[in-house]
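Pasted below: work.txt, compact mmCIF, C-alpha atoms.
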```txt
# COMPACT_ATOMS: atom_id res chain seq x y z
CA MET A 1 37.30 -34.09 -84.62
CA ASN A 2 37.81 -30.89 -86.57
CA LEU A 3 37.40 -27.40 -85.09
CA VAL A 4 36.32 -24.89 -87.76
CA LYS A 5 35.68 -21.16 -87.91
CA PRO A 6 32.32 -19.59 -88.74
CA SER A 7 32.26 -17.87 -92.13
CA VAL A 8 30.12 -16.05 -94.68
CA GLU A 9 30.43 -16.37 -98.45
CA ILE A 10 28.26 -14.31 -100.79
CA VAL A 11 26.71 -16.53 -103.45
CA CYS A 12 25.08 -13.77 -105.48
CA THR A 13 23.28 -10.43 -105.19
CA TRP A 14 20.44 -8.90 -107.14
CA GLY A 15 19.43 -5.33 -107.77
CA SER A 16 21.67 -2.38 -106.98
CA GLU A 17 21.66 1.11 -105.55
CA ASN A 18 22.03 2.40 -109.14
CA LEU A 19 18.92 0.55 -110.25
CA ILE A 20 16.86 1.80 -107.31
CA ALA A 21 17.98 5.37 -108.01
CA ALA A 22 17.24 5.03 -111.73
CA LEU A 23 13.76 3.59 -111.23
CA THR A 24 12.92 6.76 -109.33
CA ASP A 25 12.94 8.59 -112.69
CA VAL A 26 10.89 5.83 -114.31
CA LEU A 27 8.16 5.84 -111.67
CA TYR A 28 8.13 9.52 -110.70
CA HIS A 29 9.10 11.25 -113.95
CA GLY A 30 7.92 8.94 -116.73
CA CYS A 31 11.38 8.13 -118.12
CA SER A 32 12.23 4.87 -119.88
CA ILE A 33 14.48 2.42 -118.01
CA LYS A 34 17.23 2.96 -120.59
CA ASP A 35 17.13 6.76 -120.24
CA ALA A 36 16.92 6.57 -116.45
CA LEU A 37 19.95 4.29 -116.20
CA SER A 38 21.96 6.58 -118.49
CA ARG A 39 21.33 9.54 -116.18
CA VAL A 40 22.52 8.10 -112.87
CA ASP A 41 25.96 8.81 -111.48
CA ASP A 42 27.50 8.21 -108.06
CA LYS A 43 26.38 11.55 -106.61
CA LEU A 44 22.77 11.12 -107.79
CA VAL A 45 22.64 7.56 -106.46
CA GLU A 46 23.92 8.58 -103.04
CA ARG A 47 21.55 11.57 -102.84
CA ARG A 48 18.50 9.48 -103.70
CA ILE A 49 19.41 6.56 -101.44
CA LEU A 50 19.97 8.96 -98.54
CA ASN A 51 16.65 10.61 -99.26
CA PHE A 52 14.85 7.25 -99.09
CA LEU A 53 16.63 6.50 -95.81
CA LYS A 54 15.75 9.90 -94.33
CA ARG A 55 12.07 9.57 -95.25
CA GLY A 56 11.80 5.98 -94.02
CA HIS A 57 10.88 4.85 -97.53
CA TRP A 58 12.54 1.48 -96.99
CA SER A 59 10.28 -0.66 -99.18
CA VAL A 60 12.36 0.31 -102.24
CA PHE A 61 15.25 -1.68 -100.78
CA GLU A 62 13.22 -4.87 -101.13
CA PHE A 63 14.06 -4.74 -104.86
CA ALA A 64 17.66 -5.70 -104.06
CA GLY A 65 19.13 -8.44 -101.93
CA VAL A 66 21.79 -11.01 -101.24
CA SER A 67 22.17 -14.78 -101.24
CA PHE A 68 24.94 -16.06 -98.96
CA LEU A 69 26.33 -19.30 -97.54
CA VAL A 70 26.99 -19.42 -93.81
CA ILE A 71 29.12 -21.93 -91.95
CA CYS A 72 28.21 -21.76 -88.28
CA SER A 73 27.28 -23.86 -85.28
CA ARG A 74 23.78 -25.13 -84.64
CA VAL A 75 23.73 -22.63 -81.77
CA CYS A 76 23.99 -19.87 -84.36
CA SER A 77 21.75 -21.38 -87.05
CA HIS A 78 18.86 -21.69 -84.58
CA GLN A 79 19.08 -17.92 -84.08
CA LEU A 80 19.57 -17.16 -87.77
CA VAL A 81 16.34 -18.81 -88.92
CA ARG A 82 14.29 -16.64 -86.57
CA HIS A 83 14.60 -13.92 -89.20
CA ARG A 84 11.46 -14.88 -91.06
CA VAL A 85 11.65 -12.53 -94.05
CA ALA A 86 14.24 -14.80 -95.62
CA SER A 87 14.69 -18.16 -97.32
CA TYR A 88 16.85 -20.97 -95.93
CA TRP A 89 18.30 -24.25 -97.18
CA GLN A 90 20.31 -26.05 -94.52
CA GLU A 91 22.77 -28.91 -94.76
CA SER A 92 21.15 -32.28 -94.05
CA GLN A 93 22.35 -34.16 -90.99
CA ARG A 94 20.49 -37.17 -92.36
CA ARG A 95 22.83 -37.36 -95.36
CA VAL A 96 26.03 -35.63 -94.25
CA LYS A 97 28.17 -36.86 -91.38
CA ILE A 98 29.03 -34.31 -88.73
CA SER A 99 32.72 -33.62 -89.18
CA GLY A 100 33.36 -30.21 -87.65
CA TYR A 101 32.54 -28.21 -84.57
CA ILE A 102 32.51 -24.49 -83.78
CA ILE A 103 33.17 -23.26 -80.26
CA PRO A 104 34.40 -19.98 -78.76
CA LYS A 105 38.13 -19.78 -78.16
CA GLY A 106 39.05 -20.89 -74.68
CA LEU A 107 36.15 -23.31 -74.22
CA ASP A 108 37.25 -26.83 -73.26
CA HIS A 109 36.24 -29.20 -76.07
CA ARG A 110 37.15 -32.55 -74.47
CA PHE A 111 33.48 -33.44 -73.99
CA ILE A 112 32.79 -32.76 -77.67
CA GLU A 113 35.67 -35.07 -78.61
CA TYR A 114 34.07 -37.81 -76.51
CA VAL A 115 30.65 -37.27 -78.11
CA HIS A 116 32.11 -37.21 -81.64
CA LYS A 117 34.03 -40.43 -81.05
CA ASN A 118 30.86 -42.21 -79.94
CA TYR A 119 28.88 -40.69 -82.83
CA LEU A 120 31.32 -42.15 -85.36
CA GLN A 121 31.36 -45.46 -83.53
CA LEU A 122 27.59 -45.77 -83.83
CA ILE A 123 27.80 -45.18 -87.57
CA ASP A 124 30.59 -47.77 -87.90
CA GLU A 125 28.31 -50.23 -86.08
CA GLY A 126 25.60 -49.71 -88.70
CA VAL A 127 23.43 -47.07 -87.05
CA LYS A 128 21.93 -44.71 -89.64
CA ILE A 129 23.43 -41.23 -89.78
CA GLU A 130 19.98 -39.77 -89.17
CA ASP A 131 19.74 -41.71 -85.90
CA ALA A 132 23.33 -41.27 -84.75
CA ARG A 133 22.85 -37.50 -84.90
CA TYR A 134 20.77 -37.70 -81.72
CA LEU A 135 24.14 -37.72 -79.95
CA SER A 136 25.20 -34.47 -81.63
CA VAL A 137 25.71 -31.21 -79.73
CA ASN A 138 24.84 -27.63 -80.62
CA ALA A 139 28.50 -26.97 -81.42
CA SER A 140 28.11 -29.11 -84.56
CA ALA A 141 29.10 -27.11 -87.64
CA THR A 142 26.42 -26.68 -90.30
CA ARG A 143 26.16 -24.98 -93.66
CA ILE A 144 23.08 -22.95 -94.42
CA TRP A 145 22.19 -21.07 -97.60
CA VAL A 146 20.39 -17.82 -96.80
CA GLN A 147 18.60 -15.34 -99.01
CA MET A 148 17.37 -11.95 -97.77
CA ASN A 149 16.21 -8.78 -99.43
CA LEU A 150 18.27 -5.68 -98.70
CA ARG A 151 15.68 -4.15 -96.39
CA GLU A 152 15.74 -7.24 -94.17
CA VAL A 153 19.53 -7.33 -94.13
CA ALA A 154 20.18 -3.64 -93.54
CA PHE A 155 17.33 -2.71 -91.20
CA ASN A 156 16.55 -5.89 -89.30
CA PHE A 157 19.30 -8.51 -89.37
CA LEU A 158 22.36 -6.26 -89.03
CA PRO A 159 20.86 -3.90 -86.42
CA LEU A 160 19.78 -6.78 -84.20
CA ARG A 161 22.82 -9.00 -84.65
CA GLU A 162 25.60 -6.41 -84.54
CA CYS A 163 24.36 -5.18 -81.16
CA ILE A 164 26.52 -6.13 -78.19
CA LYS A 165 23.48 -7.89 -76.70
CA ALA A 166 23.54 -10.42 -79.57
CA GLN A 167 25.36 -13.71 -79.03
CA ALA A 168 28.98 -13.47 -80.17
CA GLU A 169 28.93 -16.00 -83.01
CA ILE A 170 25.96 -14.56 -84.88
CA ARG A 171 27.42 -11.13 -84.19
CA TYR A 172 30.57 -12.29 -86.01
CA ILE A 173 28.42 -13.52 -88.94
CA ALA A 174 26.65 -10.15 -89.09
CA TYR A 175 29.90 -8.18 -89.09
CA GLU A 176 31.36 -10.40 -91.82
CA LEU A 177 28.26 -10.04 -93.99
CA HIS A 178 28.28 -6.27 -93.47
CA ARG A 179 31.96 -6.09 -94.44
CA GLN A 180 31.43 -8.06 -97.66
CA LEU A 181 28.39 -6.01 -98.69
CA THR A 182 30.14 -2.67 -98.25
CA ASN A 183 31.48 -2.58 -101.81
CA ILE A 184 28.20 -3.85 -103.31
CA PHE A 185 25.71 -1.55 -101.55
CA PRO A 186 28.08 1.18 -100.28
CA THR A 187 25.63 3.94 -99.34
CA ILE A 188 23.20 1.70 -97.49
CA MET A 189 25.95 -0.21 -95.69
CA LYS A 190 27.45 3.11 -94.56
CA HIS A 191 24.19 3.97 -92.81
CA THR A 192 23.40 0.69 -91.11
CA GLY A 193 24.90 -1.25 -88.23
CA PRO A 194 23.71 -2.00 -84.70
CA ARG A 195 20.38 -0.48 -83.68
CA CYS A 196 22.02 2.56 -82.09
CA ILE A 197 23.23 3.53 -85.60
CA VAL A 198 19.90 2.95 -87.35
CA GLU A 199 17.62 4.32 -84.63
CA GLY A 200 19.91 7.06 -83.33
CA TYR A 201 19.78 5.94 -79.71
CA CYS A 202 20.58 2.89 -77.56
CA ARG A 203 17.69 0.80 -76.27
CA GLU A 204 19.98 -0.60 -73.57
CA ASP A 205 20.71 2.91 -72.19
CA ILE A 206 24.44 2.58 -72.88
CA VAL A 207 25.92 6.08 -72.87
CA ASN A 208 29.13 5.56 -74.85
CA THR A 209 27.71 3.70 -77.84
CA GLU A 210 30.86 4.14 -79.96
CA GLU A 211 32.94 2.37 -77.32
CA CYS A 212 30.21 -0.27 -77.02
CA ARG A 213 30.25 -0.94 -80.78
CA GLU A 214 34.02 -1.36 -80.76
CA LYS A 215 33.80 -3.76 -77.83
CA ALA A 216 31.05 -5.78 -79.53
CA ARG A 217 33.09 -6.18 -82.70
CA ASN A 218 36.39 -6.96 -80.97
CA GLU A 219 34.80 -9.55 -78.70
CA ALA A 220 33.15 -11.39 -81.60
CA TYR A 221 36.35 -11.51 -83.65
CA SER A 222 38.51 -12.52 -80.69
CA LEU A 223 36.24 -15.47 -79.91
CA PHE A 224 35.55 -16.77 -83.42
CA ASN A 225 38.06 -15.44 -85.96
```
Here is the file; what I need is its structure written in the form of structure tokens.
Amino acid sequence: MNLVKPSVEIVCTWGSENLIAALTDVLYHGCSIKDALSRVDDKLVERRILNFLKRGHWSVFEFAGVSFLVICSRVCSHQLVRHRVASYWQESQRRVKISGYIIPKGLDHRFIEYVHKNYLQLIDEGVKIEDARYLSVNASATRIWVQMNLREVAFNFLPLRECIKAQAEIRYIAYELHRQLTNIFPTIMKHTGPRCIVEGYCREDIVNTEECREKARNEAYSLFN
């Protein structure tokens, strides 16, 4: 039995803050795409992105997005796929033997070892992988390919899943995705995070939200990193 860590790996991204800023001149001022792209610089991009954020004009962020591969437990993947404005392609347990498990640090995994041993024994006895998986547990590691537009990532997924009320593993996935996107979509990533950042107040009535955010992050990394 192999214990593994959850992880996020960006497969590709599309669109950019520069492109969104440039298309503003195309659609509002009649410029060509070539001329619009030649005019943008870092200050103009940041000013326009912040203006869209301030006005709640978030639909423009649907013209950018990210495709990423997640390794997580089935506990986490069941939560992940609830974000419906996304596409998913998950590893097949019919074709691929379960080989790894993800559990929080400190949790006794002797029962999982027992289950995994019997799972492999069934397969050795000729039981199909797709049938032997009925013995699997939610700690089973899975790989899932996810694609989301930037609006979904920045203003739905991250705000919900970086909150301290989110389960620790998917919180870890959210923080890792946020960290990796910071250099790709810097202005937007600077202005997103848990809901208290995006909405400006805490729905859970927590007074010290900065302390809460630090606790949420530290707890997730201590349990799964």
- prompt: Smallest atom-to-atom distance to A:Lys190: which of A:Leu122, A:Cys76, A:Leu53, A:Val96, using all atoms listed in the file?
  reply: A:Leu53
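Separating atom CA of A:Gly30 from atom CA of A:Gly56 is a distance of 23.2 Å.
Nearest-residue note for A:Leu177: choosing from A:Leu150, A:Leu27, A:Ala64, A:Ile129, the minimum distance belongs to A:Leu150, counting all atoms listed in the file.
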message: Just the number, please: distance in Å from atom CA of A:Lys117 to atom CA of A:Val4, one decimal.
response: 17.1 Å
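Compared by their closest atoms to A:Lys5, and using all atoms listed in the file, the residues A:Leu158, A:Leu223, A:Leu120, A:Cys163 rank with A:Leu223 nearest.
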query: How many Å separate atom CA of A:Ile164 from atom CA of A:Cys212?
result: 7.0 Å
Find the axis-aligned box for stretch 80-84 of chain A, covering all its listed atoms and adding 8 Å on each side, and write its centre and edge lengths in Å to one decimal as JSON.
```
{"center_x": 15.5, "center_y": -16.4, "center_z": -88.8, "size_x": 24.1, "size_y": 20.9, "size_z": 20.5}
```
task: Could you give me, as a PyMOL selection string, the residues that sit within 12 Å of (23.4, -40.1, -88.9) in the file's coordinates, counting all atoms listed in the file?
output: chain A and resi 92-99+116+118-136
- line: One residue among A:Leu19, A:Asn183, A:Ala36, A:Ala166 is nearest to A:Arg213 when using all atoms listed in the file, and that residue is A:Ala166
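Shortest separation to A:Ser140 among A:Ser73, A:Ser7, A:Thr182, A:Ser87 occurs at residue A:Ser73, atoms counted being all atoms listed in the file.
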task: Measuring atom to atom with all atoms listed in the file, identify which of A:Val75, A:Val66, A:Val81, A:Ala216 is nearest to A:Val153.
output: A:Val66
- request: Find the residues near A:Thr24: any atom within 12 Å, counting only C-alpha atoms, skip ones fewer than 2 places away on the same chain, and give them as JSON, numbers by chain.
  value: {"A": [17, 18, 19, 20, 21, 22, 26, 27, 28, 29, 30, 31, 32, 33, 35, 36, 37, 39, 40, 44, 45, 47, 48, 49, 51, 52, 60]}
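Residues in contact range of A:Ile112, defined as at most 9 Å between all atoms listed in the file, with sequence neighbours fewer than 3 positions away removed, read Met1, Tyr101, Asp108, His109, Val115, His116, Lys117, Ser136, Val137 and Ala139 of chain A.
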task: Write out as a VMD selection string which residues come within 9 Å of A:Ile144 when counting only C-alpha atoms, dropping same-chain ones fewer than 4 positions away.
output: chain A and resid 68 to 72 77 88 to 91
Would you mind completing stretch 53-71 of chain A to N, CA and C atoms and writing the output as a JSON list (two decimals), keeping the file's coordinate frame?
```json
[["chain", "number", "residue", "atom", "x", "y", "z"],
["A", 53, "LEU", "N", 16.32, 6.84, -97.20],
["A", 53, "LEU", "CA", 16.63, 6.50, -95.81],
["A", 53, "LEU", "C", 16.05, 7.53, -94.85],
["A", 54, "LYS", "N", 16.22, 8.81, -95.18],
["A", 54, "LYS", "CA", 15.75, 9.90, -94.33],
["A", 54, "LYS", "C", 14.24, 9.88, -94.18],
["A", 55, "ARG", "N", 13.53, 9.56, -95.27],
["A", 55, "ARG", "CA", 12.07, 9.57, -95.25],
["A", 55, "ARG", "C", 11.46, 8.27, -94.74],
["A", 56, "GLY", "N", 12.31, 7.28, -94.46],
["A", 56, "GLY", "CA", 11.80, 5.98, -94.02],
["A", 56, "GLY", "C", 11.13, 5.20, -95.13],
["A", 57, "HIS", "N", 11.47, 5.52, -96.36],
["A", 57, "HIS", "CA", 10.88, 4.85, -97.53],
["A", 57, "HIS", "C", 11.70, 3.60, -97.84],
["A", 58, "TRP", "N", 11.65, 2.63, -96.92],
["A", 58, "TRP", "CA", 12.54, 1.48, -96.99],
["A", 58, "TRP", "C", 12.05, 0.38, -97.93],
["A", 59, "SER", "N", 10.80, 0.43, -98.33],
["A", 59, "SER", "CA", 10.28, -0.66, -99.18],
["A", 59, "SER", "C", 11.02, -0.75, -100.51],
["A", 60, "VAL", "N", 11.62, 0.35, -100.97],
["A", 60, "VAL", "CA", 12.36, 0.31, -102.24],
["A", 60, "VAL", "C", 13.57, -0.61, -102.15],
["A", 61, "PHE", "N", 14.07, -0.83, -100.94],
["A", 61, "PHE", "CA", 15.25, -1.68, -100.78],
["A", 61, "PHE", "C", 14.91, -3.17, -100.87],
["A", 62, "GLU", "N", 13.63, -3.48, -100.94],
["A", 62, "GLU", "CA", 13.22, -4.87, -101.13],
["A", 62, "GLU", "C", 13.45, -5.33, -102.57],
["A", 63, "PHE", "N", 13.79, -4.40, -103.47],
["A", 63, "PHE", "CA", 14.06, -4.74, -104.86],
["A", 63, "PHE", "C", 15.53, -5.09, -105.09],
["A", 64, "ALA", "N", 16.28, -5.25, -104.00],
["A", 64, "ALA", "CA", 17.66, -5.70, -104.06],
["A", 64, "ALA", "C", 17.85, -6.70, -102.92],
["A", 65, "GLY", "N", 18.92, -7.47, -103.00],
["A", 65, "GLY", "CA", 19.13, -8.44, -101.93],
["A", 65, "GLY", "C", 20.39, -9.25, -102.14],
["A", 66, "VAL", "N", 20.57, -10.21, -101.24],
["A", 66, "VAL", "CA", 21.79, -11.01, -101.24],
["A", 66, "VAL", "C", 21.49, -12.46, -100.89],
["A", 67, "SER", "N", 22.21, -13.35, -101.53],
["A", 67, "SER", "CA", 22.17, -14.78, -101.24],
["A", 67, "SER", "C", 23.56, -15.16, -100.71],
["A", 68, "PHE", "N", 23.63, -15.79, -99.55],
["A", 68, "PHE", "CA", 24.94, -16.06, -98.96],
["A", 68, "PHE", "C", 24.95, -17.40, -98.22],
["A", 69, "LEU", "N", 26.13, -18.02, -98.20],
["A", 69, "LEU", "CA", 26.33, -19.30, -97.54],
["A", 69, "LEU", "C", 27.03, -19.06, -96.21],
["A", 70, "VAL", "N", 26.43, -19.58, -95.15],
["A", 70, "VAL", "CA", 26.99, -19.42, -93.81],
["A", 70, "VAL", "C", 27.47, -20.76, -93.30],
["A", 71, "ILE", "N", 28.66, -20.79, -92.74],
["A", 71, "ILE", "CA", 29.12, -21.93, -91.95],
["A", 71, "ILE", "C", 29.12, -21.47, -90.50]]
```
